[in-house]
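Q: Just dropping this structure here.
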Amino acid sequence: MLLTISTTVRPATDLGFLLHKHPGRVQEFGQSYGVARVLYPEAGEERCTAALMLDVDPIRLVRSRDRATPDYTLGQYVNDRPYAASSLLAVALADVFRTARTGRCASRPELAAGPIPLEITLPVLPCRGGPGLAHRLFEPLGWRVEATALPLDEEFPEWGDSRYVRLVLRGEVRLADALNQLYVLLPVLDDAKHYWVAPDEVDKLIRAGGSWLASHPDRGLITRRYLGRRWTLTRTAFARLAEIGDDVEEDLEPPVEEDPAAELATEDHAGKDGEDGEDTAAERAAEEGPVAGSSIGEDPAAKEYAGRSGPAGGASQEGSTPAGAVRRPLNTLRLEAVLATLERLDASTVIDLGCGSGRLVGALLERPRFTRVTGVDVSSRALAFAARRLKLDRMPERRRERLELFQGALTYTDARFAGYDAAVLMEVVEHVDPPRLDALERVVFGTARPGHVIVTTPNVEHNVRYESLDGMRHPDHRFEWTRAEFRAWAAKVCGEYGYRVEFLPIGDDDPEVGPPTQMALFGLAGASGGSGGTEGSAGTDGFVSVGGAAGHTSVRGPVSADTDGRAGTGDAGGGDD
């Protein structure tokens with residue numbers, strides 16, 4: 001793998017002083033996984049280029065791994081690591097240019113202290129998020145970015161682009177800053193590291209990014225990826241960045257949703273909001289763009305999911321996002337769908353069962369029509385963050401009177417759950433152990449019995465559209481349902497507790513595998529709100545409805561659905577009930 005650094009400062013050969021590497025020699029530096037070499041392909045008064053070449057030995061790389069986690073696959077020997085810039089190159093850069101990264105240069109102190117014209121080229125860079133993510137990460141740092149997607153095979157252009165880009169950065173930047181930015185952002189773009197992410201990685205991140213990371217608009221994404229989404233380390237880094245910048249800690253990143261480490265796993269995860277802030281595996285896959293041949297659309301540039309607003313804040317039923325359409329995060333589409341549904345129901349009192357850090361609660365409080373808003377979570381830490389996020393200590397009295405936050409588990413009867421027009425379980429049920437689902441159903445549908453219940457959960461069928469996803473979307477998920485399994489579970493609930501149900505896709509409704517998120521709207525017989533339609537039919541508002549009053553046929557027995565999402569009658573089955 002190769003990295004070149006060029007300058008046109010006069011005399012350009014002063015680059016050798018700044019890098020502490022003589023332009024007249026080829027120098028070698030041993031690494032645990034290969035050899036790094038520094039040489040100068042050109043060294044003149046007007047232009048000078050230094051090249052860092054890293055020769056990776058796949059055998060040595062395998063032998064340097066932790067023996068406690070052996071890998072018996074061929075992939076450990078045959079992969080892109082010897083050829084594509086990654087954390088291997090970042091570590092070599094940090095080692096070879098250690099002094100240059102500090103900004104010290106006794107021979108040219110003025111030159112080392114200020115910006116100089118630089119051009120940095122990386123011929124092959126893995127970029128999970130595509131060229132758009134490279135622009136997002138480097139442009140705020142003062143670079144002019146040229147990021148070109150590399151084709152999978154030039155002989156077969158119909159195969160499309162690979163996940164690799166050719167990256168060229170040009171700008172007037174202090175050399176030490178440029179090296180530190182590369183050290184941090186190379187593994188961030190690759191979204192992988194070749195070594196175990198230990199607690200000292202926080203110190204490395206702060207040292208390398210202290211002068212620019214705290215003010216970067218994507219500091220949250222950079223921090224999470226650099227630290228391997230280890231929540232404890234990420235949380236520590238956010239706190240230290242808050243000390244450097246003007247941001248309060250929770251403003252750097254909403255800290256509770258879908259914690260990747262099972263830090264909230266001390267109790268049943270009923271009551272845990274989901275996929276709202278911390279990247280899940282699926283959200284990471286959404287950063288990379290869809291698998292070739294999918295109908296989701298172009299690369300959504302890291303945090304954005306290809307979705308177009310449709311009924312109730314959901315996605316268009318047409319399957320793909322048209323060119324030029326606004327791309328928004330899936331968690332934003334999910335929030336909008338829930339809010340639009342609550343408004344359509346004309347609900348005025350709402351309880352968020354699993355409120356996490358209070359994103360939905362905050363949105364409800366912004367709308368005066370919701371006169372009573374309650375957030376419940378099993379985690380006291382989540383509730384503390386919710387209070388901080390909502391600025392509870394500075395909240396106006398009239399708004400504070402509408403709000404209640406309390407701790408509770410959804411698998412235990414609690415009288416405080418009752419008396420609401422609507423209850424929301426947004427990305428909650430998949431965190432509950434399957435044997436405990438019956439208890440959740442009894443507490444929510446049998447005892448609390450709100451007029452309406454909104455449930456959102458991932459659609460496991462859609463996971464094939466996430467190229468790098470291996471397993472479930474989040475390590476804490478106890479299960480993920482197909483559309484048929486979700487409908488069978490919903491039908492069972494309706495049959496046992498006297499509700500009707502209708503379904504809404506959230507995100508692009510892929511014609512083959514359905515939407516990334518599926519939503520069910522339950523309503524008690526005789527409750528107001530809801531769309532019209534007959535059993536198994538698609539209403540004009542985009543819902544596919546099964547059952548009920550207010551224009552629906554009541555569900556009194558099991559209902560199943562084929563894997564393509566069409567409703568039908570038959571035995572309830574599937575799922576983990």
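We name chains A, B, ... following the order of the structure tokens; residues begin at 1 in each chain, and ligands are numbered from 1 as shown.
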Which residues in region 155-200 of chain A does DSSP call strand (DSSP E or B)? List them as a list in words.

A: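 DSSP on the backbone gives strand (DSSP E or B) at Asp161, Ser162, Arg163, Tyr164, Val165, Arg166, Leu167, Val168, Leu169, Arg170, Gly171, Glu172 and Val173 of chain A.
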
Q: What lies within 9 Å of Gly358 (chain A) using only C-alpha atoms, ignoring chain neighbours under 5 positions off, as an mmCIF file with all heavy atoms, in the first residue's frame?

A:
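Heads up, here's the output in out01.cif:
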data_model
loop_
_atom_site.group_PDB
_atom_site.id
_atom_site.type_symbol
_atom_site.label_atom_id
_atom_site.label_comp_id
_atom_site.auth_asym_id
_atom_site.auth_seq_id
_atom_site.Cartn_x
_atom_site.Cartn_y
_atom_site.Cartn_z
ATOM 1 N N ASP A 273 -34.947 2.126 24.253
ATOM 2 C CA ASP A 273 -35.142 2.685 22.924
ATOM 3 C C ASP A 273 -34.074 2.146 22.014
ATOM 4 O O ASP A 273 -33.068 1.628 22.447
ATOM 5 C CB ASP A 273 -35.050 4.220 23.006
ATOM 6 C CG ASP A 273 -35.648 4.893 21.800
ATOM 7 O OD1 ASP A 273 -36.199 4.177 20.952
ATOM 8 O OD2 ASP A 273 -35.574 6.132 21.732
ATOM 9 N N ASP A 352 -44.040 6.668 26.194
ATOM 10 C CA ASP A 352 -42.968 6.053 25.417
ATOM 11 C C ASP A 352 -42.344 4.957 26.280
ATOM 12 O O ASP A 352 -41.582 5.236 27.206
ATOM 13 C CB ASP A 352 -41.936 7.109 25.033
ATOM 14 C CG ASP A 352 -40.822 6.560 24.143
ATOM 15 O OD1 ASP A 352 -40.900 5.369 23.782
ATOM 16 O OD2 ASP A 352 -39.892 7.324 23.821
ATOM 17 N N ALA A 363 -39.492 15.263 21.065
ATOM 18 C CA ALA A 363 -40.274 15.647 19.890
ATOM 19 C C ALA A 363 -41.749 15.820 20.244
ATOM 20 O O ALA A 363 -42.433 16.707 19.716
ATOM 21 C CB ALA A 363 -40.108 14.597 18.796
ATOM 22 N N GLY A 375 -42.120 9.230 29.685
ATOM 23 C CA GLY A 375 -41.040 8.370 29.233
ATOM 24 C C GLY A 375 -40.678 7.358 30.297
ATOM 25 O O GLY A 375 -40.510 7.708 31.470
ATOM 26 N N ALA A 382 -30.143 5.753 31.392
ATOM 27 C CA ALA A 382 -30.828 6.310 30.226
ATOM 28 C C ALA A 382 -31.736 7.465 30.630
ATOM 29 O O ALA A 382 -31.803 8.491 29.953
ATOM 30 C CB ALA A 382 -31.636 5.211 29.526
ATOM 31 N N LEU A 383 -32.431 7.301 31.735
ATOM 32 C CA LEU A 383 -33.333 8.364 32.197
ATOM 33 C C LEU A 383 -32.555 9.605 32.616
ATOM 34 O O LEU A 383 -33.024 10.737 32.411
ATOM 35 C CB LEU A 383 -34.184 7.850 33.350
ATOM 36 C CG LEU A 383 -35.207 6.769 32.992
ATOM 37 C CD1 LEU A 383 -35.837 6.195 34.248
ATOM 38 C CD2 LEU A 383 -36.281 7.329 32.062
ATOM 39 N N PHE A 385 -29.772 10.620 31.278
ATOM 40 C CA PHE A 385 -29.415 11.283 30.032
ATOM 41 C C PHE A 385 -30.623 11.952 29.398
ATOM 42 O O PHE A 385 -30.520 13.026 28.805
ATOM 43 C CB PHE A 385 -28.793 10.290 29.058
ATOM 44 C CG PHE A 385 -27.350 10.021 29.331
ATOM 45 C CD1 PHE A 385 -26.909 8.730 29.559
ATOM 46 C CD2 PHE A 385 -26.426 11.055 29.366
ATOM 47 C CE1 PHE A 385 -25.581 8.471 29.813
ATOM 48 C CE2 PHE A 385 -25.091 10.803 29.626
ATOM 49 C CZ PHE A 385 -24.662 9.514 29.852
ATOM 50 N N ALA A 386 -31.769 11.297 29.506
ATOM 51 C CA ALA A 386 -32.982 11.909 28.967
ATOM 52 C C ALA A 386 -33.263 13.235 29.659
ATOM 53 O O ALA A 386 -33.614 14.234 29.020
ATOM 54 C CB ALA A 386 -34.161 10.950 29.123
ATOM 55 N N ALA A 387 -33.109 13.264 30.975
ATOM 56 C CA ALA A 387 -33.343 14.503 31.716
ATOM 57 C C ALA A 387 -32.368 15.592 31.280
ATOM 58 O O ALA A 387 -32.745 16.765 31.145
ATOM 59 C CB ALA A 387 -33.205 14.233 33.218
ATOM 60 N N ARG A 389 -30.796 15.705 28.328
ATOM 61 C CA ARG A 389 -31.100 16.066 26.940
ATOM 62 C C ARG A 389 -32.299 16.995 26.858
ATOM 63 O O ARG A 389 -32.326 17.925 26.047
ATOM 64 C CB ARG A 389 -31.361 14.797 26.133
ATOM 65 C CG ARG A 389 -31.719 15.056 24.683
ATOM 66 C CD ARG A 389 -31.919 13.754 23.933
ATOM 67 N NE ARG A 389 -31.955 13.969 22.512
ATOM 68 C CZ ARG A 389 -31.651 13.056 21.603
ATOM 69 N NH1 ARG A 389 -31.270 11.859 22.002
ATOM 70 N NH2 ARG A 389 -31.728 13.319 20.323
ATOM 71 N N LEU A 390 -33.287 16.724 27.665
ATOM 72 C CA LEU A 390 -34.496 17.544 27.664
ATOM 73 C C LEU A 390 -34.320 18.844 28.446
ATOM 74 O O LEU A 390 -35.248 19.651 28.489
ATOM 75 C CB LEU A 390 -35.655 16.738 28.253
ATOM 76 C CG LEU A 390 -36.061 15.477 27.472
ATOM 77 C CD1 LEU A 390 -37.029 14.640 28.292
ATOM 78 C CD2 LEU A 390 -36.658 15.844 26.123
#

Q: Near Leu89 (chain A), within 9 Å and counting only C-alpha atoms, which residues show up once chain neighbours fewer than 3 positions away are dropped, as an MDAnalysis selection string?

A: chainID A and resid 1:3 36 52:54 84:86 92:94 183 186:187

Q: Please determine, counting only C-alpha atoms, which residue among A:Phe156, A:Phe238, A:Phe29, A:Phe138 has the shortest atom-to-atom distance to Val168 (chain A).

A: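 Residue with the minimum atom-to-atom distance to Val168 (chain A): A:Phe138.
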
Q: DSSP on the backbone, then: every residue of region 78-178 of chain A marked helix (DSSP H, G or I), written as a PyMOL selection string.

A: chain A and resi 87-96+98-102+109-113+130-141+157-159+175-178
